[in-house]
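Below is the file coords-v3.txt, which contains compact mmCIF, N, CA and C atoms.
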```txt
# COMPACT_ATOMS: atom_id res chain seq x y z
N MET A 1 0.84 -1.18 0.00
CA MET A 1 0.00 0.00 0.00
C MET A 1 0.88 1.24 0.00
N LYS A 2 0.64 2.12 -0.96
CA LYS A 2 1.40 3.36 -1.07
C LYS A 2 0.51 4.51 -0.63
N LEU A 3 0.95 5.26 0.37
CA LEU A 3 0.22 6.42 0.85
C LEU A 3 0.82 7.68 0.24
N VAL A 4 -0.05 8.59 -0.16
CA VAL A 4 0.39 9.84 -0.79
C VAL A 4 -0.11 11.01 0.05
N ASN A 5 0.79 11.92 0.35
CA ASN A 5 0.45 13.11 1.13
C ASN A 5 -0.30 14.09 0.22
N ILE A 6 -1.50 14.49 0.64
CA ILE A 6 -2.29 15.45 -0.15
C ILE A 6 -2.37 16.80 0.54
N GLY A 7 -1.50 17.02 1.50
CA GLY A 7 -1.43 18.31 2.18
C GLY A 7 -1.85 18.25 3.63
N PHE A 8 -1.17 19.03 4.46
CA PHE A 8 -1.43 19.12 5.90
C PHE A 8 -1.34 17.77 6.59
N GLY A 9 -0.51 16.87 6.10
CA GLY A 9 -0.35 15.56 6.72
C GLY A 9 -1.45 14.58 6.41
N ASN A 10 -2.37 14.93 5.54
CA ASN A 10 -3.45 14.02 5.13
C ASN A 10 -2.92 13.09 4.06
N MET A 11 -3.24 11.82 4.20
CA MET A 11 -2.74 10.80 3.28
C MET A 11 -3.90 10.05 2.62
N ILE A 12 -3.67 9.60 1.39
CA ILE A 12 -4.65 8.76 0.71
C ILE A 12 -3.94 7.51 0.20
N ASN A 13 -4.69 6.44 0.04
CA ASN A 13 -4.17 5.20 -0.50
C ASN A 13 -4.13 5.33 -2.02
N ALA A 14 -2.95 5.31 -2.60
CA ALA A 14 -2.79 5.50 -4.04
C ALA A 14 -3.43 4.38 -4.85
N ASN A 15 -3.55 3.20 -4.26
CA ASN A 15 -4.14 2.06 -4.98
C ASN A 15 -5.65 2.22 -5.18
N ARG A 16 -6.30 3.07 -4.41
CA ARG A 16 -7.75 3.25 -4.48
C ARG A 16 -8.14 4.50 -5.25
N LEU A 17 -7.16 5.22 -5.77
CA LEU A 17 -7.39 6.47 -6.47
C LEU A 17 -7.83 6.22 -7.91
N ILE A 18 -8.84 6.95 -8.36
CA ILE A 18 -9.30 6.85 -9.75
C ILE A 18 -8.82 8.04 -10.57
N ALA A 19 -9.00 9.26 -10.05
CA ALA A 19 -8.64 10.45 -10.82
C ALA A 19 -8.28 11.62 -9.92
N VAL A 20 -7.42 12.49 -10.44
CA VAL A 20 -7.09 13.76 -9.80
C VAL A 20 -7.41 14.83 -10.85
N VAL A 21 -8.39 15.69 -10.55
CA VAL A 21 -8.85 16.67 -11.54
C VAL A 21 -8.91 18.07 -10.93
N SER A 22 -8.98 19.04 -11.80
CA SER A 22 -9.13 20.44 -11.40
C SER A 22 -10.59 20.71 -11.05
N PRO A 23 -10.86 21.55 -10.07
CA PRO A 23 -12.24 21.80 -9.64
C PRO A 23 -12.97 22.87 -10.46
N GLU A 24 -12.38 23.33 -11.55
CA GLU A 24 -12.91 24.48 -12.28
C GLU A 24 -14.12 24.17 -13.16
N SER A 25 -14.26 22.96 -13.67
CA SER A 25 -15.32 22.69 -14.64
C SER A 25 -16.67 22.47 -13.95
N ALA A 26 -17.73 22.73 -14.69
CA ALA A 26 -19.09 22.57 -14.16
C ALA A 26 -19.42 21.13 -13.77
N PRO A 27 -19.01 20.11 -14.56
CA PRO A 27 -19.30 18.73 -14.13
C PRO A 27 -18.65 18.35 -12.80
N ILE A 28 -17.44 18.83 -12.57
CA ILE A 28 -16.75 18.53 -11.31
C ILE A 28 -17.45 19.25 -10.16
N LYS A 29 -17.90 20.47 -10.39
CA LYS A 29 -18.64 21.19 -9.35
C LYS A 29 -19.93 20.46 -9.00
N ARG A 30 -20.60 19.87 -10.01
CA ARG A 30 -21.81 19.09 -9.75
C ARG A 30 -21.49 17.83 -8.95
N ILE A 31 -20.39 17.18 -9.28
CA ILE A 31 -19.97 15.98 -8.53
C ILE A 31 -19.73 16.35 -7.06
N ILE A 32 -19.08 17.48 -6.82
CA ILE A 32 -18.81 17.92 -5.45
C ILE A 32 -20.12 18.16 -4.70
N GLN A 33 -21.07 18.83 -5.34
CA GLN A 33 -22.37 19.10 -4.70
C GLN A 33 -23.12 17.81 -4.40
N ASP A 34 -23.09 16.86 -5.35
CA ASP A 34 -23.75 15.56 -5.14
C ASP A 34 -23.14 14.81 -3.96
N CYS A 35 -21.82 14.85 -3.86
CA CYS A 35 -21.15 14.15 -2.76
C CYS A 35 -21.45 14.82 -1.42
N LYS A 36 -21.59 16.14 -1.40
CA LYS A 36 -21.97 16.84 -0.17
C LYS A 36 -23.32 16.33 0.32
N LYS A 37 -24.26 16.20 -0.61
CA LYS A 37 -25.61 15.74 -0.26
C LYS A 37 -25.59 14.30 0.25
N ARG A 38 -24.77 13.45 -0.37
CA ARG A 38 -24.69 12.03 0.00
C ARG A 38 -23.83 11.79 1.24
N GLY A 39 -22.99 12.76 1.58
CA GLY A 39 -22.11 12.60 2.73
C GLY A 39 -20.82 11.86 2.41
N THR A 40 -20.40 11.86 1.16
CA THR A 40 -19.18 11.17 0.76
C THR A 40 -18.06 12.14 0.38
N LEU A 41 -18.23 13.42 0.72
CA LEU A 41 -17.21 14.42 0.42
C LEU A 41 -16.28 14.56 1.62
N ILE A 42 -14.98 14.56 1.37
CA ILE A 42 -13.98 14.75 2.41
C ILE A 42 -13.20 16.02 2.07
N ASP A 43 -13.27 17.00 2.95
CA ASP A 43 -12.60 18.28 2.72
C ASP A 43 -11.28 18.29 3.47
N ALA A 44 -10.17 18.18 2.73
CA ALA A 44 -8.84 18.18 3.32
C ALA A 44 -8.10 19.48 3.02
N THR A 45 -8.86 20.56 2.78
CA THR A 45 -8.24 21.84 2.42
C THR A 45 -7.86 22.69 3.62
N GLN A 46 -8.36 22.36 4.80
CA GLN A 46 -8.10 23.14 6.02
C GLN A 46 -8.53 24.60 5.83
N GLY A 47 -9.63 24.82 5.11
CA GLY A 47 -10.16 26.16 4.91
C GLY A 47 -9.54 26.92 3.76
N ARG A 48 -8.62 26.32 3.07
CA ARG A 48 -7.98 26.99 1.93
C ARG A 48 -8.75 26.73 0.64
N ARG A 49 -8.33 27.38 -0.42
CA ARG A 49 -8.98 27.23 -1.72
C ARG A 49 -8.73 25.83 -2.28
N THR A 50 -9.77 25.21 -2.84
CA THR A 50 -9.66 23.88 -3.43
C THR A 50 -8.96 24.00 -4.78
N ARG A 51 -7.86 23.25 -4.95
CA ARG A 51 -7.12 23.27 -6.21
C ARG A 51 -7.10 21.93 -6.90
N ALA A 52 -7.48 20.87 -6.17
CA ALA A 52 -7.54 19.54 -6.77
C ALA A 52 -8.69 18.76 -6.17
N VAL A 53 -9.34 17.97 -7.01
CA VAL A 53 -10.42 17.09 -6.57
C VAL A 53 -9.95 15.67 -6.84
N ILE A 54 -9.95 14.84 -5.82
CA ILE A 54 -9.47 13.46 -5.92
C ILE A 54 -10.66 12.53 -5.82
N VAL A 55 -10.83 11.69 -6.83
CA VAL A 55 -11.95 10.75 -6.88
C VAL A 55 -11.41 9.37 -6.51
N MET A 56 -12.05 8.74 -5.53
CA MET A 56 -11.62 7.43 -5.06
C MET A 56 -12.58 6.35 -5.55
N ASP A 57 -12.14 5.09 -5.53
CA ASP A 57 -12.99 3.99 -5.99
C ASP A 57 -14.10 3.64 -5.00
N SER A 58 -14.04 4.18 -3.80
CA SER A 58 -15.07 3.94 -2.79
C SER A 58 -16.22 4.94 -2.91
N ASP A 59 -16.25 5.70 -4.00
CA ASP A 59 -17.26 6.72 -4.26
C ASP A 59 -17.08 7.95 -3.38
N HIS A 60 -15.93 8.10 -2.73
CA HIS A 60 -15.62 9.29 -1.97
C HIS A 60 -14.91 10.29 -2.88
N VAL A 61 -15.10 11.55 -2.60
CA VAL A 61 -14.42 12.62 -3.31
C VAL A 61 -13.69 13.45 -2.26
N ILE A 62 -12.40 13.71 -2.50
CA ILE A 62 -11.56 14.41 -1.54
C ILE A 62 -11.11 15.73 -2.16
N LEU A 63 -11.25 16.80 -1.40
CA LEU A 63 -10.80 18.12 -1.84
C LEU A 63 -9.43 18.40 -1.24
N SER A 64 -8.50 18.89 -2.06
CA SER A 64 -7.15 19.19 -1.60
C SER A 64 -6.77 20.61 -2.02
N TYR A 65 -5.95 21.26 -1.21
CA TYR A 65 -5.48 22.59 -1.56
C TYR A 65 -4.28 22.52 -2.50
N LEU A 66 -3.66 21.35 -2.64
CA LEU A 66 -2.54 21.19 -3.57
C LEU A 66 -3.06 21.17 -4.99
N GLN A 67 -2.25 21.63 -5.93
CA GLN A 67 -2.65 21.58 -7.33
C GLN A 67 -2.66 20.14 -7.81
N ALA A 68 -3.51 19.85 -8.79
CA ALA A 68 -3.64 18.50 -9.33
C ALA A 68 -2.30 17.98 -9.83
N GLU A 69 -1.52 18.84 -10.45
CA GLU A 69 -0.21 18.44 -10.96
C GLU A 69 0.74 18.02 -9.83
N THR A 70 0.68 18.71 -8.71
CA THR A 70 1.51 18.38 -7.55
C THR A 70 1.14 17.01 -7.00
N VAL A 71 -0.15 16.75 -6.88
CA VAL A 71 -0.61 15.45 -6.39
C VAL A 71 -0.16 14.35 -7.36
N ALA A 72 -0.28 14.59 -8.66
CA ALA A 72 0.14 13.61 -9.65
C ALA A 72 1.65 13.35 -9.56
N ASN A 73 2.43 14.39 -9.35
CA ASN A 73 3.89 14.21 -9.21
C ASN A 73 4.22 13.38 -7.97
N ARG A 74 3.49 13.59 -6.90
CA ARG A 74 3.72 12.80 -5.69
C ARG A 74 3.32 11.34 -5.90
N LEU A 75 2.30 11.12 -6.71
CA LEU A 75 1.90 9.74 -7.02
C LEU A 75 2.97 9.02 -7.82
N ASN A 76 3.59 9.75 -8.74
CA ASN A 76 4.58 9.14 -9.63
C ASN A 76 5.98 9.06 -9.04
N SER A 77 6.20 9.70 -7.89
CA SER A 77 7.53 9.64 -7.29
C SER A 77 7.84 8.23 -6.81
N ASP A 78 9.11 7.91 -6.79
CA ASP A 78 9.55 6.56 -6.41
C ASP A 78 9.44 6.39 -4.90
N GLU A 79 8.83 5.29 -4.45
CA GLU A 79 8.66 5.02 -3.02
C GLU A 79 10.00 4.93 -2.30
N ASN A 80 11.00 4.39 -2.96
CA ASN A 80 12.28 4.12 -2.31
C ASN A 80 13.03 5.40 -1.94
N THR A 81 12.76 6.51 -2.60
CA THR A 81 13.47 7.74 -2.25
C THR A 81 13.13 8.18 -0.83
N PHE A 82 11.91 7.97 -0.38
CA PHE A 82 11.55 8.35 0.98
C PHE A 82 12.28 7.48 2.00
N ALA A 83 12.39 6.20 1.72
CA ALA A 83 13.07 5.29 2.63
C ALA A 83 14.56 5.61 2.68
N GLU A 84 15.18 5.93 1.54
CA GLU A 84 16.60 6.24 1.51
C GLU A 84 16.88 7.53 2.25
N GLU A 85 16.03 8.55 2.14
CA GLU A 85 16.23 9.79 2.85
C GLU A 85 16.16 9.59 4.36
N ALA A 86 15.27 8.74 4.81
CA ALA A 86 15.13 8.47 6.24
C ALA A 86 16.36 7.76 6.78
N GLU A 87 16.96 6.86 5.97
CA GLU A 87 18.15 6.14 6.41
C GLU A 87 19.37 7.05 6.49
N ASP A 88 19.44 8.07 5.63
CA ASP A 88 20.60 8.96 5.62
C ASP A 88 20.64 9.87 6.85
N GLU A 89 19.49 10.16 7.44
CA GLU A 89 19.44 11.08 8.60
C GLU A 89 19.84 10.38 9.82
```
Please express the file's structure as C-alpha cells.
Amino acid sequence: MKLVNIGFGNMINANRLIAVVSPESAPIKRIIQDCKKRGTLIDATQGRRTRAVIVMDSDHVILSYLQAETVANRLNSDENTFAEEAEDE
C-alpha cells in the first residue's frame, strides 16, 4: 500500500485512487455538490482554496489545496526515495 500526502499531513491510498482533476469545470462542481448531499465528500483543504479534486474507488471525493499536478507528481515519485532519505538522517 502506497500512501500519498495530499497536504497538511493528510494521506490517501494511491491504490484506491481513480482520478485527480481540477475543480474548475461545471461537471466537477456538480460531482462535489452531489457528494456533499450524500455525505461522501472529504474536505482536506483546512479552509484553503480547493485546487484539486481526488476521486476514489469507494465513491468518496476528496478536496485538496494542492494543485492536481503536484498530487500527480507525488503519485509518480519513487517510493524508495523516501526510505533512503530516512536512512541517511
Review point. Residues of chain A in helix (DSSP H, G or I) according to DSSP, as an NGL selection string?
Key: :A and (14-16 or 26-38 or 68-76 or 79-88)
Exercise for review: Name the residues of segment 14-43 of chain A that come out as strand (DSSP E or B) in a backbone DSSP run; write them as a ChimeraX atom specification.
Suggested key: /A:17-21,41-43
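For the atom pair formed by atom N of Gln33 of chain A and atom C of Asn76 of chain A, the distance is 29.0 Å, given to one decimal.
From atom CA of Arg30 of chain A back to atom C of Asn5 of chain A, the distance works out to 24.2 Å.
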**Study point:** Contacts of Val71 of chain A at 8 Å (all atoms listed in the file; same-chain gap of 2+ positions) as a VMD selection string
**Key:** chain A and resid 4 to 6 20 52 66 to 69 73 to 77
Emit segment 16-30 of chain A of the structure in the block as a file comprising N, CA, C and O atoms, as a PDB file, in the first residue's frame.
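Dumped to part_14.pdb:
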```
ATOM      1  N   ARG A  16      -6.296   3.067  -4.409  1.00  0.00           N
ATOM      2  CA  ARG A  16      -7.747   3.254  -4.480  1.00  0.00           C
ATOM      3  C   ARG A  16      -8.136   4.504  -5.253  1.00  0.00           C
ATOM      4  O   ARG A  16      -9.308   4.806  -5.393  1.00  0.00           O
ATOM      5  N   LEU A  17      -7.157   5.216  -5.769  1.00  0.00           N
ATOM      6  CA  LEU A  17      -7.391   6.469  -6.469  1.00  0.00           C
ATOM      7  C   LEU A  17      -7.832   6.220  -7.912  1.00  0.00           C
ATOM      8  O   LEU A  17      -7.270   5.365  -8.593  1.00  0.00           O
ATOM      9  N   ILE A  18      -8.842   6.949  -8.363  1.00  0.00           N
ATOM     10  CA  ILE A  18      -9.305   6.849  -9.750  1.00  0.00           C
ATOM     11  C   ILE A  18      -8.820   8.036 -10.566  1.00  0.00           C
ATOM     12  O   ILE A  18      -8.290   7.874 -11.657  1.00  0.00           O
ATOM     13  N   ALA A  19      -9.003   9.265 -10.049  1.00  0.00           N
ATOM     14  CA  ALA A  19      -8.637  10.451 -10.823  1.00  0.00           C
ATOM     15  C   ALA A  19      -8.281  11.620  -9.919  1.00  0.00           C
ATOM     16  O   ALA A  19      -8.767  11.723  -8.799  1.00  0.00           O
ATOM     17  N   VAL A  20      -7.419  12.491 -10.444  1.00  0.00           N
ATOM     18  CA  VAL A  20      -7.093  13.763  -9.801  1.00  0.00           C
ATOM     19  C   VAL A  20      -7.407  14.833 -10.847  1.00  0.00           C
ATOM     20  O   VAL A  20      -6.793  14.855 -11.913  1.00  0.00           O
ATOM     21  N   VAL A  21      -8.390  15.690 -10.551  1.00  0.00           N
ATOM     22  CA  VAL A  21      -8.846  16.666 -11.536  1.00  0.00           C
ATOM     23  C   VAL A  21      -8.913  18.067 -10.931  1.00  0.00           C
ATOM     24  O   VAL A  21      -8.930  18.235  -9.718  1.00  0.00           O
ATOM     25  N   SER A  22      -8.981  19.038 -11.803  1.00  0.00           N
ATOM     26  CA  SER A  22      -9.131  20.436 -11.401  1.00  0.00           C
ATOM     27  C   SER A  22     -10.593  20.706 -11.049  1.00  0.00           C
ATOM     28  O   SER A  22     -11.494  20.175 -11.695  1.00  0.00           O
ATOM     29  N   PRO A  23     -10.858  21.545 -10.075  1.00  0.00           N
ATOM     30  CA  PRO A  23     -12.244  21.802  -9.643  1.00  0.00           C
ATOM     31  C   PRO A  23     -12.968  22.872 -10.463  1.00  0.00           C
ATOM     32  O   PRO A  23     -14.075  23.253 -10.125  1.00  0.00           O
ATOM     33  N   GLU A  24     -12.384  23.332 -11.548  1.00  0.00           N
ATOM     34  CA  GLU A  24     -12.912  24.477 -12.279  1.00  0.00           C
ATOM     35  C   GLU A  24     -14.119  24.171 -13.158  1.00  0.00           C
ATOM     36  O   GLU A  24     -14.946  25.045 -13.388  1.00  0.00           O
ATOM     37  N   SER A  25     -14.258  22.964 -13.669  1.00  0.00           N
ATOM     38  CA  SER A  25     -15.323  22.692 -14.639  1.00  0.00           C
ATOM     39  C   SER A  25     -16.675  22.467 -13.948  1.00  0.00           C
ATOM     40  O   SER A  25     -16.750  22.048 -12.797  1.00  0.00           O
ATOM     41  N   ALA A  26     -17.731  22.726 -14.687  1.00  0.00           N
ATOM     42  CA  ALA A  26     -19.093  22.575 -14.157  1.00  0.00           C
ATOM     43  C   ALA A  26     -19.416  21.134 -13.766  1.00  0.00           C
ATOM     44  O   ALA A  26     -20.029  20.911 -12.716  1.00  0.00           O
ATOM     45  N   PRO A  27     -19.007  20.114 -14.556  1.00  0.00           N
ATOM     46  CA  PRO A  27     -19.303  18.733 -14.135  1.00  0.00           C
ATOM     47  C   PRO A  27     -18.647  18.352 -12.803  1.00  0.00           C
ATOM     48  O   PRO A  27     -19.253  17.663 -11.984  1.00  0.00           O
ATOM     49  N   ILE A  28     -17.440  18.827 -12.570  1.00  0.00           N
ATOM     50  CA  ILE A  28     -16.753  18.531 -11.305  1.00  0.00           C
ATOM     51  C   ILE A  28     -17.452  19.248 -10.156  1.00  0.00           C
ATOM     52  O   ILE A  28     -17.615  18.689  -9.064  1.00  0.00           O
ATOM     53  N   LYS A  29     -17.899  20.471 -10.393  1.00  0.00           N
ATOM     54  CA  LYS A  29     -18.639  21.194  -9.355  1.00  0.00           C
ATOM     55  C   LYS A  29     -19.932  20.465  -9.003  1.00  0.00           C
ATOM     56  O   LYS A  29     -20.324  20.409  -7.834  1.00  0.00           O
ATOM     57  N   ARG A  30     -20.602  19.868 -10.011  1.00  0.00           N
ATOM     58  CA  ARG A  30     -21.812  19.087  -9.746  1.00  0.00           C
ATOM     59  C   ARG A  30     -21.489  17.832  -8.948  1.00  0.00           C
ATOM     60  O   ARG A  30     -22.230  17.453  -8.038  1.00  0.00           O
TER      61      ARG A  30
END
```
